[in-house]
file protein.cif (mmCIF, C-alpha atoms, pLDDT in the B column; chains and numbers go by the auth columns)
data_run
#
loop_
_atom_site.group_PDB
_atom_site.id
_atom_site.type_symbol
_atom_site.label_atom_id
_atom_site.label_comp_id
_atom_site.label_asym_id
_atom_site.label_seq_id
_atom_site.Cartn_x
_atom_site.Cartn_y
_atom_site.Cartn_z
_atom_site.B_iso_or_equiv
_atom_site.auth_seq_id
_atom_site.auth_asym_id
ATOM 1 C CA MET A 1 183.529 102.458 95.704 50.00 75 C
ATOM 2 C CA ARG A 2 183.163 99.056 94.115 61.00 76 C
ATOM 3 C CA ASN A 3 183.715 98.459 90.458 64.00 77 C
ATOM 4 C CA ASN A 4 180.672 96.528 89.295 67.00 78 C
ATOM 5 C CA LYS A 5 180.010 95.490 85.775 69.00 79 C
ATOM 6 C CA MET A 6 177.016 97.269 84.275 66.00 80 C
ATOM 7 C CA LYS A 7 173.995 95.017 83.907 68.00 81 C
ATOM 8 C CA ASN A 8 171.192 95.278 81.434 69.00 82 C
ATOM 9 C CA ILE A 9 167.935 95.879 83.323 67.00 83 C
ATOM 10 C CA THR A 10 165.998 93.814 80.789 70.00 84 C
ATOM 11 C CA ASP A 11 168.162 90.770 81.522 69.00 85 C
ATOM 12 C CA ILE A 12 167.624 91.191 85.252 66.00 86 C
ATOM 13 C CA VAL A 13 163.863 91.518 84.925 66.00 87 C
ATOM 14 C CA GLU A 14 163.499 88.589 82.517 72.00 88 C
ATOM 15 C CA LYS A 15 165.386 86.260 84.861 74.00 89 C
ATOM 16 C CA SER A 16 163.675 87.308 88.090 74.00 90 C
ATOM 17 C CA GLN A 17 160.798 85.633 89.916 76.00 91 C
ATOM 18 C CA PHE A 18 158.683 88.655 89.103 79.00 92 C
ATOM 19 C CA ALA A 19 158.997 87.923 85.406 79.00 93 C
ATOM 20 C CA GLU A 20 157.492 84.465 85.935 84.00 94 C
ATOM 21 C CA ILE A 21 154.664 85.944 87.993 85.00 95 C
ATOM 22 C CA ALA A 22 154.002 88.569 85.324 83.00 96 C
ATOM 23 C CA LYS A 23 154.011 85.930 82.555 86.00 97 C
ATOM 24 C CA ARG A 24 151.600 83.763 84.551 89.00 98 C
ATOM 25 C CA GLY A 25 149.316 86.742 85.117 89.00 99 C
ATOM 26 C CA LEU A 26 149.311 87.596 81.423 90.00 100 C
ATOM 27 C CA PHE A 27 148.612 83.956 80.540 91.00 101 C
ATOM 28 C CA LEU A 28 145.624 83.805 82.921 92.00 102 C
ATOM 29 C CA SER A 29 144.336 87.127 81.637 93.00 103 C
ATOM 30 C CA GLU A 30 144.510 85.898 78.036 92.00 104 C
ATOM 31 C CA LEU A 31 142.868 82.602 78.998 92.00 105 C
ATOM 32 C CA ASN A 32 140.074 84.515 80.725 93.00 106 C
ATOM 33 C CA ARG A 33 139.531 86.665 77.620 94.00 107 C
ATOM 34 C CA LYS A 34 139.388 83.590 75.377 93.00 108 C
ATOM 35 C CA LEU A 35 136.891 81.828 77.616 93.00 109 C
ATOM 36 C CA GLN A 36 134.722 84.932 77.912 93.00 110 C
ATOM 37 C CA ASP A 37 134.496 84.933 74.114 93.00 111 C
ATOM 38 C CA THR A 38 134.026 81.142 73.872 91.00 112 C
ATOM 39 C CA PHE A 39 131.402 80.519 76.557 92.00 113 C
ATOM 40 C CA PRO A 40 127.714 81.176 75.842 93.00 114 C
ATOM 41 C CA PRO A 41 126.622 84.845 76.124 93.00 115 C
ATOM 42 C CA GLN A 42 124.695 84.374 79.387 92.00 116 C
ATOM 43 C CA PHE A 43 128.006 83.638 81.174 92.00 117 C
ATOM 44 C CA LYS A 44 130.047 86.456 79.646 91.00 118 C
ATOM 45 C CA GLY A 45 131.434 88.789 82.284 91.00 119 C
ATOM 46 C CA ARG A 46 129.943 86.774 85.127 93.00 120 C
ATOM 47 C CA PHE A 47 132.950 84.537 85.826 94.00 121 C
ATOM 48 C CA ARG A 48 136.709 84.882 85.987 95.00 122 C
ATOM 49 C CA VAL A 49 139.578 82.447 85.555 95.00 123 C
ATOM 50 C CA ALA A 50 141.487 82.266 88.831 95.00 124 C
ATOM 51 C CA ASN A 51 144.084 79.601 88.036 95.00 125 C
ATOM 52 C CA ILE A 52 144.871 76.520 86.016 93.00 126 C
ATOM 53 C CA ARG A 53 146.820 73.773 87.747 93.00 127 C
ATOM 54 C CA ASP A 54 147.145 69.987 87.512 94.00 128 C
ATOM 55 C CA GLY A 55 144.467 69.689 84.831 94.00 129 C
ATOM 56 C CA VAL A 56 141.930 71.714 86.808 96.00 130 C
ATOM 57 C CA LEU A 57 140.630 75.087 85.644 96.00 131 C
ATOM 58 C CA HIS A 58 139.713 77.135 88.719 97.00 132 C
ATOM 59 C CA CYS A 59 137.117 79.833 88.105 96.00 133 C
ATOM 60 C CA GLU A 60 135.279 82.322 90.281 96.00 134 C
ATOM 61 C CA VAL A 61 131.588 82.995 89.635 96.00 135 C
ATOM 62 C CA GLN A 62 129.241 85.739 90.827 93.00 136 C
ATOM 63 C CA ASN A 63 126.682 83.661 92.699 94.00 137 C
ATOM 64 C CA ALA A 64 125.343 80.182 93.442 95.00 138 C
ATOM 65 C CA MET A 65 122.752 80.350 90.680 95.00 139 C
ATOM 66 C CA LEU A 66 125.437 80.942 88.056 94.00 140 C
ATOM 67 C CA ARG A 67 127.567 78.192 89.582 95.00 141 C
ATOM 68 C CA GLN A 68 124.682 75.732 89.227 96.00 142 C
ATOM 69 C CA ALA A 69 124.034 76.845 85.632 95.00 143 C
ATOM 70 C CA ILE A 70 127.671 76.184 84.760 95.00 144 C
ATOM 71 C CA LEU A 71 127.630 72.835 86.577 95.00 145 C
ATOM 72 C CA PHE A 72 124.501 71.867 84.654 95.00 146 C
ATOM 73 C CA ARG A 73 126.353 72.514 81.384 95.00 147 C
ATOM 74 C CA ARG A 74 129.734 71.328 82.655 94.00 148 C
ATOM 75 C CA THR A 75 130.341 68.732 79.928 94.00 149 C
ATOM 76 C CA GLU A 76 129.592 71.192 77.130 94.00 150 C
ATOM 77 C CA LEU A 77 131.699 73.974 78.681 94.00 151 C
ATOM 78 C CA LEU A 78 134.580 71.637 79.469 94.00 152 C
ATOM 79 C CA GLY A 79 134.561 70.609 75.800 94.00 153 C
ATOM 80 C CA LEU A 80 134.855 74.273 74.799 92.00 154 C
ATOM 81 C CA VAL A 81 137.781 74.750 77.173 92.00 155 C
ATOM 82 C CA GLN A 82 139.508 71.607 75.919 93.00 156 C
ATOM 83 C CA GLN A 83 139.434 72.875 72.338 91.00 157 C
ATOM 84 C CA ALA A 84 141.965 75.528 73.350 85.00 158 C
ATOM 85 C CA PHE A 85 143.556 73.754 76.335 89.00 159 C
ATOM 86 C CA PRO A 86 143.343 69.948 76.031 92.00 160 C
ATOM 87 C CA GLU A 87 145.209 69.454 79.315 92.00 161 C
ATOM 88 C CA VAL A 88 142.192 70.704 81.305 93.00 162 C
ATOM 89 C CA GLN A 89 140.194 67.779 82.689 95.00 163 C
ATOM 90 C CA GLN A 90 137.990 69.463 85.303 95.00 164 C
ATOM 91 C CA LEU A 91 136.293 72.731 86.147 95.00 165 C
ATOM 92 C CA ALA A 92 136.385 73.942 89.750 96.00 166 C
ATOM 93 C CA LEU A 93 134.018 76.783 90.626 96.00 167 C
ATOM 94 C CA LYS A 94 134.148 79.081 93.616 96.00 168 C
ATOM 95 C CA ILE A 95 131.558 81.736 94.456 95.00 169 C
ATOM 96 C CA ASN A 96 132.955 85.268 94.724 93.00 170 C
ATOM 97 C CA PRO A 97 130.209 87.884 95.314 91.00 171 C
ATOM 98 C CA GLU A 98 132.708 90.690 94.607 90.00 172 C
ATOM 99 C CA LEU A 99 132.529 89.810 90.900 84.00 173 C
ATOM 100 C CA ALA A 100 128.987 91.220 90.813 76.00 174 C
ATOM 101 C CA SER A 101 130.363 94.721 91.404 68.00 175 C
ATOM 102 C CA LEU A 102 132.863 94.605 88.520 58.00 176 C
#
call {"tool": "encode", "arguments": {"input": "protein.cif", "output": "structure tokens"}}
result
Amino acid sequence: MRNNKMKNITDIVEKSQFAEIAKRGLFLSELNRKLQDTFPPQFKGRFRVANIRDGVLHCEVQNAMLRQAILFRRTELLGLVQQAFPEVQQLALKINPELASL
């Protein structure tokens, strides 16, 4: 039997790749919650933040009509996003019909 030094499980988890994934997931979840509260009421619950990378906020929307409504108000909504996250320069929207069932 090998004599191994006891390791604190918290240290292992905090330094693992899974910790970074979990932190990223929590960050995106919090960002989604903030944007749901910030965006106008007609958009609330009808979109979801998918990712934020290289100055682009990637969101999923329920349908093409909602996508067009957001694109129509893109400048206004981007300004709302930039109040909390100034590094965001663009909005990218993808249609995900599965959001309608949530």
call {"tool": "residues_near_point", "arguments": {"input": "protein.cif", "point": "(127.5, 72.8, 85.8)", "cutoff": "12 Å", "atoms": "all atoms listed in the file", "output": "list in words"}}
result
Phe117, Val135, Ala138, Met139, Leu140, Arg141, Gln142, Ala143, Ile144, Leu145, Phe146, Arg147, Arg148, Thr149, Glu150, Leu151, Leu152, Gln164, Leu165, Ala166 and Leu167 of chain C
call {"tool": "closest_residue", "arguments": {"input": "protein.cif", "among": "C:Glu172, C:Phe101, C:Val155, C:Lys89", "to": "Gly129 (chain C)", "atoms": "only C-alpha atoms"}}
result
C:Val155
call {"tool": "resolve_selection", "arguments": {"input": "protein.cif", "expression": "the PyMOL selection byres ((chain C and resi 159) around 12)", "output": "mmCIF file with C-alpha atoms, keeping the file's coordinate frame"}}
result
data_model
loop_
_atom_site.group_PDB
_atom_site.id
_atom_site.type_symbol
_atom_site.label_atom_id
_atom_site.label_comp_id
_atom_site.auth_asym_id
_atom_site.auth_seq_id
_atom_site.Cartn_x
_atom_site.Cartn_y
_atom_site.Cartn_z
ATOM 1 C CA LEU C 105 142.868 82.602 78.998
ATOM 2 C CA LYS C 108 139.388 83.590 75.377
ATOM 3 C CA LEU C 109 136.891 81.828 77.616
ATOM 4 C CA ILE C 126 144.871 76.520 86.016
ATOM 5 C CA ARG C 127 146.820 73.773 87.747
ATOM 6 C CA GLY C 129 144.467 69.689 84.831
ATOM 7 C CA VAL C 130 141.930 71.714 86.808
ATOM 8 C CA LEU C 131 140.630 75.087 85.644
ATOM 9 C CA LEU C 152 134.580 71.637 79.469
ATOM 10 C CA GLY C 153 134.561 70.609 75.800
ATOM 11 C CA LEU C 154 134.855 74.273 74.799
ATOM 12 C CA VAL C 155 137.781 74.750 77.173
ATOM 13 C CA GLN C 156 139.508 71.607 75.919
ATOM 14 C CA GLN C 157 139.434 72.875 72.338
ATOM 15 C CA ALA C 158 141.965 75.528 73.350
ATOM 16 C CA PRO C 160 143.343 69.948 76.031
ATOM 17 C CA GLU C 161 145.209 69.454 79.315
ATOM 18 C CA VAL C 162 142.192 70.704 81.305
ATOM 19 C CA GLN C 163 140.194 67.779 82.689
ATOM 20 C CA GLN C 164 137.990 69.463 85.303
#
call {"tool": "axis_aligned_box", "arguments": {"input": "protein.cif", "around": "region 154-168 of chain C", "padding_each_side": "6 Å", "output": "lines of an AutoDock Vina configuration file"}}
result
center_x = 139.6
center_y = 73.4
center_z = 83.0
size_x = 23.2
size_y = 23.3
size_z = 33.3
call {"tool": "atom_distance", "arguments": {"input": "protein.cif", "atom1": "CA of Lys97 (chain C)", "atom2": "CA of Thr112 (chain C)"}}
result
22.3 Å
call {"tool": "residues_around", "arguments": {"input": "protein.cif", "residues": "Gln110 (chain C)", "least_positions_apart": "5", "cutoff": "10 Å", "atoms": "only C-alpha atoms", "output": "PyMOL selection string"}}
result
chain C and resi 104-105+115+117-123
call {"tool": "atom_distance", "arguments": {"input": "protein.cif", "atom1": "CA of Cys133 (chain C)", "atom2": "CA of Arg107 (chain C)"}}
result
12.7 Å
call {"tool": "atom_distance", "arguments": {"input": "protein.cif", "atom1": "CA of Asn137 (chain C)", "atom2": "CA of Leu100 (chain C)"}}
result
25.6 Å
call {"tool": "closest_residue", "arguments": {"input": "protein.cif", "among": "C:Thr84, C:Ala174, C:Glu94, C:Ser103", "to": "Asn125 (chain C)", "atoms": "all atoms listed in the file"}}
result
C:Ser103
call {"tool": "decode", "arguments": {"input": "protein.cif", "residues": "region 145-158 of chain C", "atoms": "all heavy atoms", "output": "PDB file, in the first residue's frame"}}
result
ATOM      1  N   LEU C 145     -33.263  42.588 -33.154  1.00  0.00           N
ATOM      2  CA  LEU C 145     -32.399  43.247 -34.138  1.00  0.00           C
ATOM      3  C   LEU C 145     -32.859  44.676 -34.416  1.00  0.00           C
ATOM      4  O   LEU C 145     -32.035  45.576 -34.600  1.00  0.00           O
ATOM      5  CB  LEU C 145     -32.347  42.442 -35.436  1.00  0.00           C
ATOM      6  CG  LEU C 145     -31.580  41.124 -35.376  1.00  0.00           C
ATOM      7  CD1 LEU C 145     -31.715  40.373 -36.683  1.00  0.00           C
ATOM      8  CD2 LEU C 145     -30.125  41.353 -35.021  1.00  0.00           C
ATOM      9  N   PHE C 146     -34.169  44.876 -34.438  1.00  0.00           N
ATOM     10  CA  PHE C 146     -34.717  46.210 -34.663  1.00  0.00           C
ATOM     11  C   PHE C 146     -34.298  47.175 -33.562  1.00  0.00           C
ATOM     12  O   PHE C 146     -34.063  48.354 -33.804  1.00  0.00           O
ATOM     13  CB  PHE C 146     -36.249  46.127 -34.764  1.00  0.00           C
ATOM     14  CG  PHE C 146     -36.906  47.427 -35.076  1.00  0.00           C
ATOM     15  CD1 PHE C 146     -36.791  48.006 -36.331  1.00  0.00           C
ATOM     16  CD2 PHE C 146     -37.644  48.090 -34.113  1.00  0.00           C
ATOM     17  CE1 PHE C 146     -37.402  49.214 -36.623  1.00  0.00           C
ATOM     18  CE2 PHE C 146     -38.263  49.298 -34.391  1.00  0.00           C
ATOM     19  CZ  PHE C 146     -38.136  49.864 -35.655  1.00  0.00           C
ATOM     20  N   ARG C 147     -34.192  46.653 -32.331  1.00  0.00           N
ATOM     21  CA  ARG C 147     -33.820  47.484 -31.182  1.00  0.00           C
ATOM     22  C   ARG C 147     -32.386  47.217 -30.719  1.00  0.00           C
ATOM     23  O   ARG C 147     -32.037  47.475 -29.570  1.00  0.00           O
ATOM     24  CB  ARG C 147     -34.806  47.212 -30.046  1.00  0.00           C
ATOM     25  CG  ARG C 147     -36.227  47.612 -30.432  1.00  0.00           C
ATOM     26  CD  ARG C 147     -37.220  47.275 -29.380  1.00  0.00           C
ATOM     27  NE  ARG C 147     -37.011  48.107 -28.200  1.00  0.00           N
ATOM     28  CZ  ARG C 147     -37.785  48.057 -27.128  1.00  0.00           C
ATOM     29  NH1 ARG C 147     -38.827  47.268 -27.100  1.00  0.00           N
ATOM     30  NH2 ARG C 147     -37.525  48.820 -26.091  1.00  0.00           N
ATOM     31  N   ARG C 148     -31.573  46.703 -31.609  1.00  0.00           N
ATOM     32  CA  ARG C 148     -30.216  46.276 -31.285  1.00  0.00           C
ATOM     33  C   ARG C 148     -29.392  47.358 -30.594  1.00  0.00           C
ATOM     34  O   ARG C 148     -28.745  47.114 -29.586  1.00  0.00           O
ATOM     35  CB  ARG C 148     -29.495  45.832 -32.549  1.00  0.00           C
ATOM     36  CG  ARG C 148     -28.049  45.451 -32.312  1.00  0.00           C
ATOM     37  CD  ARG C 148     -27.355  45.117 -33.591  1.00  0.00           C
ATOM     38  NE  ARG C 148     -27.940  43.918 -34.140  1.00  0.00           N
ATOM     39  CZ  ARG C 148     -27.264  42.972 -34.765  1.00  0.00           C
ATOM     40  NH1 ARG C 148     -25.985  43.115 -34.958  1.00  0.00           N
ATOM     41  NH2 ARG C 148     -27.858  41.899 -35.216  1.00  0.00           N
ATOM     42  N   THR C 149     -29.412  48.566 -31.101  1.00  0.00           N
ATOM     43  CA  THR C 149     -28.603  49.649 -30.531  1.00  0.00           C
ATOM     44  C   THR C 149     -29.009  49.930 -29.089  1.00  0.00           C
ATOM     45  O   THR C 149     -28.153  50.056 -28.204  1.00  0.00           O
ATOM     46  CB  THR C 149     -28.748  50.924 -31.382  1.00  0.00           C
ATOM     47  OG1 THR C 149     -28.421  50.617 -32.728  1.00  0.00           O
ATOM     48  CG2 THR C 149     -27.840  52.021 -30.875  1.00  0.00           C
ATOM     49  N   GLU C 150     -30.300  50.009 -28.862  1.00  0.00           N
ATOM     50  CA  GLU C 150     -30.811  50.262 -27.500  1.00  0.00           C
ATOM     51  C   GLU C 150     -30.427  49.120 -26.562  1.00  0.00           C
ATOM     52  O   GLU C 150     -29.946  49.355 -25.443  1.00  0.00           O
ATOM     53  CB  GLU C 150     -32.333  50.400 -27.559  1.00  0.00           C
ATOM     54  CG  GLU C 150     -33.007  50.456 -26.211  1.00  0.00           C
ATOM     55  CD  GLU C 150     -34.520  50.280 -26.312  1.00  0.00           C
ATOM     56  OE1 GLU C 150     -35.075  50.265 -27.417  1.00  0.00           O
ATOM     57  OE2 GLU C 150     -35.134  50.151 -25.238  1.00  0.00           O
ATOM     58  N   LEU C 151     -30.632  47.878 -26.997  1.00  0.00           N
ATOM     59  CA  LEU C 151     -30.350  46.722 -26.143  1.00  0.00           C
ATOM     60  C   LEU C 151     -28.855  46.548 -25.909  1.00  0.00           C
ATOM     61  O   LEU C 151     -28.438  46.206 -24.800  1.00  0.00           O
ATOM     62  CB  LEU C 151     -30.958  45.460 -26.755  1.00  0.00           C
ATOM     63  CG  LEU C 151     -32.482  45.479 -26.885  1.00  0.00           C
ATOM     64  CD1 LEU C 151     -32.977  44.246 -27.614  1.00  0.00           C
ATOM     65  CD2 LEU C 151     -33.153  45.624 -25.533  1.00  0.00           C
ATOM     66  N   LEU C 152     -28.054  46.825 -26.924  1.00  0.00           N
ATOM     67  CA  LEU C 152     -26.608  46.749 -26.759  1.00  0.00           C
ATOM     68  C   LEU C 152     -26.140  47.790 -25.730  1.00  0.00           C
ATOM     69  O   LEU C 152     -25.266  47.519 -24.919  1.00  0.00           O
ATOM     70  CB  LEU C 152     -25.897  46.951 -28.091  1.00  0.00           C
ATOM     71  CG  LEU C 152     -24.390  46.759 -28.105  1.00  0.00           C
ATOM     72  CD1 LEU C 152     -24.008  45.371 -27.621  1.00  0.00           C
ATOM     73  CD2 LEU C 152     -23.850  47.008 -29.495  1.00  0.00           C
ATOM     74  N   GLY C 153     -26.758  48.955 -25.742  1.00  0.00           N
ATOM     75  CA  GLY C 153     -26.444  49.974 -24.735  1.00  0.00           C
ATOM     76  C   GLY C 153     -26.762  49.496 -23.326  1.00  0.00           C
ATOM     77  O   GLY C 153     -25.996  49.752 -22.395  1.00  0.00           O
ATOM     78  N   LEU C 154     -27.874  48.777 -23.170  1.00  0.00           N
ATOM     79  CA  LEU C 154     -28.230  48.227 -21.858  1.00  0.00           C
ATOM     80  C   LEU C 154     -27.210  47.184 -21.409  1.00  0.00           C
ATOM     81  O   LEU C 154     -26.822  47.141 -20.241  1.00  0.00           O
ATOM     82  CB  LEU C 154     -29.628  47.604 -21.902  1.00  0.00           C
ATOM     83  CG  LEU C 154     -30.796  48.572 -22.096  1.00  0.00           C
ATOM     84  CD1 LEU C 154     -32.094  47.803 -22.294  1.00  0.00           C
ATOM     85  CD2 LEU C 154     -30.916  49.513 -20.911  1.00  0.00           C
ATOM     86  N   VAL C 155     -26.781  46.350 -22.336  1.00  0.00           N
ATOM     87  CA  VAL C 155     -25.779  45.330 -22.015  1.00  0.00           C
ATOM     88  C   VAL C 155     -24.460  45.987 -21.629  1.00  0.00           C
ATOM     89  O   VAL C 155     -23.814  45.597 -20.659  1.00  0.00           O
ATOM     90  CB  VAL C 155     -25.573  44.366 -23.212  1.00  0.00           C
ATOM     91  CG1 VAL C 155     -24.394  43.434 -22.959  1.00  0.00           C
ATOM     92  CG2 VAL C 155     -26.839  43.577 -23.496  1.00  0.00           C
ATOM     93  N   GLN C 156     -24.076  47.013 -22.368  1.00  0.00           N
ATOM     94  CA  GLN C 156     -22.787  47.667 -22.128  1.00  0.00           C
ATOM     95  C   GLN C 156     -22.739  48.422 -20.808  1.00  0.00           C
ATOM     96  O   GLN C 156     -21.649  48.692 -20.302  1.00  0.00           O
ATOM     97  CB  GLN C 156     -22.449  48.598 -23.288  1.00  0.00           C
ATOM     98  CG  GLN C 156     -22.066  47.844 -24.544  1.00  0.00           C
ATOM     99  CD  GLN C 156     -21.846  48.748 -25.730  1.00  0.00           C
ATOM    100  OE1 GLN C 156     -22.402  49.836 -25.805  1.00  0.00           O
ATOM    101  NE2 GLN C 156     -21.031  48.296 -26.665  1.00  0.00           N
ATOM    102  N   GLN C 157     -23.884  48.746 -20.237  1.00  0.00           N
ATOM    103  CA  GLN C 157     -23.873  49.375 -18.912  1.00  0.00           C
ATOM    104  C   GLN C 157     -23.271  48.432 -17.882  1.00  0.00           C
ATOM    105  O   GLN C 157     -22.551  48.855 -16.990  1.00  0.00           O
ATOM    106  CB  GLN C 157     -25.289  49.774 -18.504  1.00  0.00           C
ATOM    107  CG  GLN C 157     -25.821  50.944 -19.263  1.00  0.00           C
ATOM    108  CD  GLN C 157     -27.254  51.264 -18.887  1.00  0.00           C
ATOM    109  OE1 GLN C 157     -27.858  50.605 -18.043  1.00  0.00           O
ATOM    110  NE2 GLN C 157     -27.814  52.277 -19.530  1.00  0.00           N
ATOM    111  N   ALA C 158     -23.569  47.145 -18.000  1.00  0.00           N
ATOM    112  CA  ALA C 158     -23.040  46.158 -17.062  1.00  0.00           C
ATOM    113  C   ALA C 158     -21.742  45.524 -17.560  1.00  0.00           C
ATOM    114  O   ALA C 158     -20.874  45.183 -16.772  1.00  0.00           O
ATOM    115  CB  ALA C 158     -24.076  45.070 -16.809  1.00  0.00           C
TER     116      ALA C 158
END
